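**Student:** Sending over structure10.txt (compact mmCIF, C-alpha atoms).
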# COMPACT_ATOMS: atom_id res chain seq x y z
CA MET A 1 -27.80 11.44 0.90
CA ALA A 2 -24.91 10.50 -1.39
CA LYS A 3 -21.86 9.04 0.30
CA LYS A 4 -18.95 11.48 0.26
CA LYS A 5 -16.13 10.29 -1.93
CA LYS A 6 -12.89 9.71 -0.04
CA PRO A 7 -9.90 11.74 -1.30
CA ALA A 8 -7.12 9.93 -3.10
CA ASN A 9 -4.13 8.96 -0.98
CA PRO A 10 -0.49 9.53 -1.90
CA ILE A 11 1.83 6.53 -1.94
CA LYS A 12 4.25 7.49 0.82
CA ASP A 13 6.57 4.50 0.96
CA LYS A 14 9.38 4.67 -1.63
CA ASN A 15 9.69 0.88 -1.82
CA LEU A 16 5.98 0.57 -2.56
CA ILE A 17 6.30 3.17 -5.33
CA LEU A 18 9.03 1.04 -6.89
CA ASP A 19 7.02 -2.16 -6.37
CA ILE A 20 3.99 -0.64 -8.11
CA GLN A 21 6.19 0.32 -11.07
CA ASP A 22 7.39 -3.28 -11.35
CA TYR A 23 3.81 -4.53 -11.07
CA LEU A 24 2.55 -2.18 -13.79
CA LYS A 25 5.52 -2.85 -16.06
CA CYS A 26 4.81 -6.58 -16.04
CA LYS A 27 1.24 -5.95 -17.15
CA SER A 28 1.57 -3.00 -19.54
CA GLU A 29 4.39 -0.69 -20.60
CA ARG A 30 1.83 2.05 -21.25
CA ASN A 31 0.57 1.90 -17.66
CA TYR A 32 4.11 1.89 -16.28
CA ILE A 33 5.08 4.95 -18.35
CA LEU A 34 1.89 6.76 -17.36
CA PHE A 35 2.49 6.14 -13.65
CA THR A 36 6.15 7.19 -13.76
CA SER A 37 5.26 10.31 -15.76
CA GLY A 38 2.60 11.22 -13.21
CA ILE A 39 4.76 10.82 -10.12
CA ALA A 40 7.73 12.57 -11.75
CA THR A 41 5.84 15.65 -12.98
CA GLY A 42 2.84 16.03 -10.68
CA TYR A 43 0.54 16.76 -13.59
CA ARG A 44 -3.12 15.90 -13.27
CA ALA A 45 -4.13 12.67 -14.93
CA GLY A 46 -6.59 14.60 -17.11
CA ASP A 47 -3.72 16.58 -18.59
CA LEU A 48 -1.35 13.62 -18.93
CA VAL A 49 -3.74 11.41 -20.89
CA LYS A 50 -4.17 14.12 -23.54
CA LEU A 51 -0.44 14.27 -24.35
CA ARG A 52 0.63 13.35 -27.87
CA ILE A 53 4.03 12.12 -29.01
CA ARG A 54 4.84 15.59 -30.37
CA ASP A 55 4.26 17.06 -26.89
CA ILE A 56 6.74 14.62 -25.38
CA LYS A 57 9.33 15.42 -28.06
CA THR A 58 8.96 19.13 -27.35
CA ALA A 59 9.44 18.54 -23.62
CA LEU A 60 12.50 16.37 -24.23
CA ASN A 61 14.04 18.97 -26.52
CA ASN A 62 13.36 21.80 -24.05
CA GLY A 63 14.21 19.83 -20.93
CA TYR A 64 10.88 20.86 -19.39
CA PHE A 65 7.23 19.94 -19.52
CA GLU A 66 4.92 22.90 -19.81
CA ILE A 67 1.25 22.03 -19.71
CA LEU A 68 -1.73 24.32 -19.35
CA GLU A 69 -3.36 22.58 -16.42
CA GLY A 70 -7.13 22.54 -16.41
CA LYS A 71 -9.00 22.33 -13.11
CA LYS A 72 -12.78 22.32 -12.91
CA ILE A 73 -14.09 24.69 -10.27
CA ASN A 74 -17.62 24.42 -8.91
CA SER A 75 -18.61 27.72 -7.32
CA LYS A 76 -22.23 28.86 -6.87
CA ASN A 77 -23.33 26.13 -9.28
CA ILE A 78 -21.14 27.61 -12.03
CA ARG A 79 -18.55 25.43 -13.69
CA LYS A 80 -15.59 27.09 -15.36
CA GLU A 81 -12.06 26.26 -16.40
CA ASN A 82 -9.17 27.66 -14.37
CA ILE A 83 -6.18 27.24 -16.65
CA LYS A 84 -2.61 28.11 -15.77
CA PRO A 85 0.75 26.94 -17.09
CA ARG A 86 3.15 24.98 -14.91
CA LYS A 87 6.72 24.16 -15.87
CA VAL A 88 8.43 20.98 -14.63
CA LYS A 89 11.91 19.63 -15.33
CA VAL A 90 12.20 16.39 -17.28
CA ILE A 91 14.36 14.45 -14.83
CA ASP A 92 17.06 12.14 -16.22
CA ASN A 93 15.42 8.78 -15.46
CA LEU A 94 12.10 9.92 -16.92
CA GLU A 95 13.85 11.22 -20.03
CA TYR A 96 15.48 7.82 -20.53
CA ILE A 97 12.25 5.83 -20.40
CA LEU A 98 10.30 8.37 -22.47
CA ARG A 99 12.85 8.40 -25.29
CA ARG A 100 12.73 4.62 -25.40
CA TYR A 101 8.92 4.55 -25.30
CA ILE A 102 8.28 7.06 -28.11
CA LYS A 103 10.80 5.55 -30.50
CA ASN A 104 9.16 4.78 -33.87
CA LYS A 105 5.82 6.30 -32.79
CA ARG A 106 4.08 8.92 -34.96
CA GLU A 107 3.95 12.51 -33.71
CA TYR A 108 0.16 12.79 -33.89
CA GLU A 109 -0.46 9.67 -31.79
CA TYR A 110 -1.64 9.96 -28.22
CA MET A 111 1.03 9.00 -25.74
CA PHE A 112 -1.31 6.76 -23.77
CA LEU A 113 -3.57 5.06 -26.28
CA SER A 114 -6.80 3.39 -25.40
CA ARG A 115 -7.49 -0.01 -26.93
CA LYS A 116 -10.05 1.72 -29.17
CA GLY A 117 -7.26 2.88 -31.47
CA LYS A 118 -4.84 5.67 -32.30
CA ASN A 119 -7.50 8.40 -32.22
CA ASN A 120 -8.43 7.71 -28.59
CA HIS A 121 -6.49 8.19 -25.39
CA ILE A 122 -7.00 6.30 -22.16
CA THR A 123 -9.58 7.88 -19.84
CA VAL A 124 -8.94 9.15 -16.31
CA SER A 125 -11.49 6.68 -14.93
CA HIS A 126 -9.55 3.86 -16.58
CA VAL A 127 -6.33 5.16 -15.03
CA SER A 128 -8.05 5.07 -11.63
CA ARG A 129 -9.13 1.47 -12.19
CA ILE A 130 -5.57 0.49 -13.12
CA LEU A 131 -4.07 2.16 -10.06
CA LYS A 132 -6.80 0.87 -7.74
CA GLU A 133 -5.93 -2.66 -8.86
CA ALA A 134 -2.23 -1.97 -8.23
CA GLY A 135 -3.05 -0.50 -4.83
CA ASN A 136 -5.10 -3.54 -3.90
CA GLU A 137 -2.17 -5.77 -4.81
CA PHE A 138 -0.09 -4.03 -2.13
CA GLY A 139 -2.81 -3.44 0.46
CA LEU A 140 -3.18 0.31 -0.22
CA LYS A 141 -6.51 2.10 0.10
CA ASN A 142 -7.97 4.99 -1.90
CA ILE A 143 -5.39 4.83 -4.70
CA THR A 144 -6.73 6.55 -7.83
CA ALA A 145 -5.45 8.49 -10.83
CA HIS A 146 -5.00 11.51 -8.56
CA SER A 147 -2.65 9.52 -6.31
CA MET A 148 0.11 10.13 -8.85
CA ARG A 149 0.00 13.90 -8.31
CA LYS A 150 -0.33 13.46 -4.56
CA THR A 151 2.65 11.07 -4.50
CA TYR A 152 4.70 13.69 -6.36
CA ALA A 153 3.66 16.35 -3.84
CA TYR A 154 4.31 14.22 -0.76
CA SER A 155 7.73 13.11 -2.05
CA ILE A 156 8.77 16.73 -2.66
CA TYR A 157 7.48 17.62 0.83
CA VAL A 158 9.63 14.95 2.49
CA GLU A 159 12.74 15.46 0.32
CA SER A 160 12.63 19.24 0.93
CA GLU A 161 12.59 18.59 4.69
CA TYR A 162 8.92 19.58 4.95
CA ASN A 163 9.11 22.85 3.06
CA ILE A 164 5.40 23.41 2.49
CA THR A 165 6.01 26.69 0.61
CA LEU A 166 8.16 24.88 -1.95
CA VAL A 167 5.46 22.24 -2.48
CA LYS A 168 2.84 24.97 -2.88
CA GLU A 169 4.89 26.62 -5.64
CA MET A 170 5.65 23.34 -7.40
CA LEU A 171 1.97 22.36 -7.43
CA GLY A 172 0.84 25.82 -8.52
CA HIS A 173 -1.48 26.20 -5.53
CA SER A 174 -2.78 29.62 -4.54
CA SER A 175 -2.19 29.26 -0.79
CA ILE A 176 -0.29 27.22 1.80
CA GLU A 177 -3.62 26.27 3.41
CA GLU A 178 -4.69 24.71 0.10
CA THR A 179 -1.46 22.68 -0.01
CA LYS A 180 -1.77 21.56 3.62
CA ASP A 181 -5.32 20.41 2.98
CA TYR A 182 -4.24 18.73 -0.26
CA LEU A 183 -1.57 16.69 1.53
CA GLY A 184 -3.87 16.01 4.48
CA LEU A 185 -1.23 17.35 6.86
CA ASP A 186 -3.60 18.79 9.45
CA ARG A 187 -5.67 15.59 9.48
CA GLU A 188 -2.49 13.51 9.88
CA THR A 189 -1.41 15.65 12.87
CA TYR A 190 -4.85 15.58 14.48
CA ASP A 191 -5.03 11.79 14.19
CA LYS A 192 -1.53 11.38 15.60
CA TYR A 193 -2.32 13.36 18.74
CA SER A 194 -5.76 11.81 19.09
CA ASP A 195 -4.03 8.43 19.28
CA THR A 196 -2.05 9.60 22.34
CA LEU A 197 -5.35 9.60 24.23
CA ASN A 198 -5.26 5.80 24.18
CA GLY A 199 -3.03 6.14 27.24
CA LEU A 200 -6.00 7.57 29.16
CA ILE A 201 -8.19 4.54 28.58
CA ARG A 202 -7.94 1.26 30.52
CA ILE A 203 -9.06 -1.84 28.65
Please rewrite the model in this file as structure tokens.
**Tutor:**
Amino acid sequence: MAKKKKPANPIKDKNLILDIQDYLKCKSERNYILFTSGIATGYRAGDLVKLRIRDIKTALNNGYFEILEGKKINSKNIRKENIKPRKVKVIDNLEYILRRYIKNKREYEYMFLSRKGKNNHITVSHVSRILKEAGNEFGLKNITAHSMRKTYAYSIYVESEYNITLVKEMLGHSSIEETKDYLGLDRETYDKYSDTLNGLIRI
């Protein structure tokens, strides 16, 4: 029986988020820009890696990203694309680094090029390897490409004073239960109260 893959974790500590940016920036500007774009927009890595310079320019001119998000759904052995648009503000700090990054780049180029050349973008699996390495540097487990979106979601959850409905809307989820499961909130609560049982055990 195949081992169940563990879900990606969000990066919950603000200082660690900043440390990871510094770590990535020292190694590769592309990786730094990709990470900051992911945590500032909450877009799936699969959508981010397909962006071209012209897409970024459109977002900067409009003040918003608008991407048709694609999510694979496996239901009754049928795979289909569930595509829906989601609009996200280009926040000031992201705008600053994006304008600097795209300067002198051609509109048709991919934003996050692979080393194979201008006609290839970085893959999601490569993004996961990059972020796993960064996570290992700071002692974090289960950090993958999807951790960017989860970090975005968790940060909004905390900053909104735990407004789960707001997070649901900003992620484009269909239900609050989906969002709670996505953030692992029930599991976090269950584990917290399970730990209180330590007081019942003499060692």
**Student:** Could you check the closest approach to Thr151 in chain A for each of A:Leu98, A:Ala59, A:Ile53, A:Val167 and tell me which residue wins, using only C-alpha atoms?
**Tutor:** A:Val167
**Student:** If we count all atoms listed in the file, what is near Tyr64 in chain A at a cut-off of 7 Å, once residues fewer than 2 positions away on the same chain are taken out, given as a PyMOL selection string?
**Tutor:** chain A and resi 59-60+62+66+87-90
**Student:** Create the file for the chosen residues now, containing C-alpha atoms and written as a short mmCIF file (atom, residue, chain, number, x, y, z; two decimals), in the frame of the given file.
**Tutor:**
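Dumped everything to result-v1.cif:
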data_model
loop_
_atom_site.label_atom_id
_atom_site.label_comp_id
_atom_site.auth_asym_id
_atom_site.auth_seq_id
_atom_site.Cartn_x
_atom_site.Cartn_y
_atom_site.Cartn_z
CA ALA A 59 9.44 18.54 -23.62
CA LEU A 60 12.50 16.37 -24.23
CA ASN A 62 13.36 21.80 -24.05
CA GLU A 66 4.92 22.90 -19.81
CA LYS A 87 6.72 24.16 -15.87
CA VAL A 88 8.43 20.98 -14.63
CA LYS A 89 11.91 19.63 -15.33
CA VAL A 90 12.20 16.39 -17.28
#
**Student:** Tell me which protein, DNA and RNA residues are within 7 Å of range 37-48 of chain A, counting all atoms listed in the file, leaving out same-chain ones fewer than 2 positions away, and put them as a list in words.
**Tutor:**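 With the cut-off at 7 Å, the set is Ile33, Leu34, Phe35, Lys50, Leu51, Glu69, Val88, Leu94, Val124, Ala145, His146, Met148, Arg149, Thr151, Tyr152 and Ala153 of chain A.
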**Student:** Let's have the selection written as a compact mmCIF listing (two decimals), keeping the file's coordinate frame, with C-alpha atoms.
**Tutor:**
# COMPACT_ATOMS: atom_id res chain seq x y z
CA ILE A 33 5.08 4.95 -18.35
CA LEU A 34 1.89 6.76 -17.36
CA PHE A 35 2.49 6.14 -13.65
CA LYS A 50 -4.17 14.12 -23.54
CA LEU A 51 -0.44 14.27 -24.35
CA GLU A 69 -3.36 22.58 -16.42
CA VAL A 88 8.43 20.98 -14.63
CA LEU A 94 12.10 9.92 -16.92
CA VAL A 124 -8.94 9.15 -16.31
CA ALA A 145 -5.45 8.49 -10.83
CA HIS A 146 -5.00 11.51 -8.56
CA MET A 148 0.11 10.13 -8.85
CA ARG A 149 0.00 13.90 -8.31
CA THR A 151 2.65 11.07 -4.50
CA TYR A 152 4.70 13.69 -6.36
CA ALA A 153 3.66 16.35 -3.84
**Student:** What is the CA of Leu185 in chain A-CA of Ile17 in chain A distance in Å, reported with one decimal?
**Tutor:** 20.2 Å
**Student:** May I ask which of the residues A:Arg86, A:Ile122, A:Asp55, A:Lys132 is the closest one to Met170 in chain A, counting only C-alpha atoms?
**Tutor:**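 Checking each candidate against Met170 in chain A, we get A:Arg86 as the closest.
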**Student:** Given all atoms listed in the file as the basis, pick out the residue of A:Glu133, A:Glu161, A:Glu177, A:Asp186 nearest to Asn31 in chain A.
**Tutor:**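 Of all the options, A:Glu133 lies closest to Asn31 in chain A.
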**Student:** Measuring between only C-alpha atoms, which one of A:Lys116, A:Ile203, A:Lys150, A:Tyr23 shows the shortest distance to Asp181 in chain A?
**Tutor:** A:Lys150
**Student:** In Å, how far is it from CA of Pro10 in chain A to CA of Ser147 in chain A?
**Tutor:**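 Computing it gives 4.9 Å between the two atoms.
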**Student:** When you count only C-alpha atoms, which of these residues is closest to Met111 in chain A: A:Asp13, A:Glu29, A:Tyr157, A:Gly139?
**Tutor:** A:Glu29
**Student:** Between CA of Asp19 in chain A and CA of Asn120 in chain A, measure the distance and give it in Å to one decimal.
**Tutor:**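 Separating CA of Asp19 in chain A from CA of Asn120 in chain A is a distance of 28.8 Å.
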**Student:** At a cut-off of 12 Å, using only C-alpha atoms, what residues contact Leu166 in chain A? Leave out same-chain residues fewer than 6 positions from it and give the result as a list in words.
**Tutor:** Ala153, Tyr154, Ser155, Ile156, Tyr157, Val158, Glu159, Ser160, Gly172, His173, Ser175, Ile176, Thr179 and Lys180 of chain A
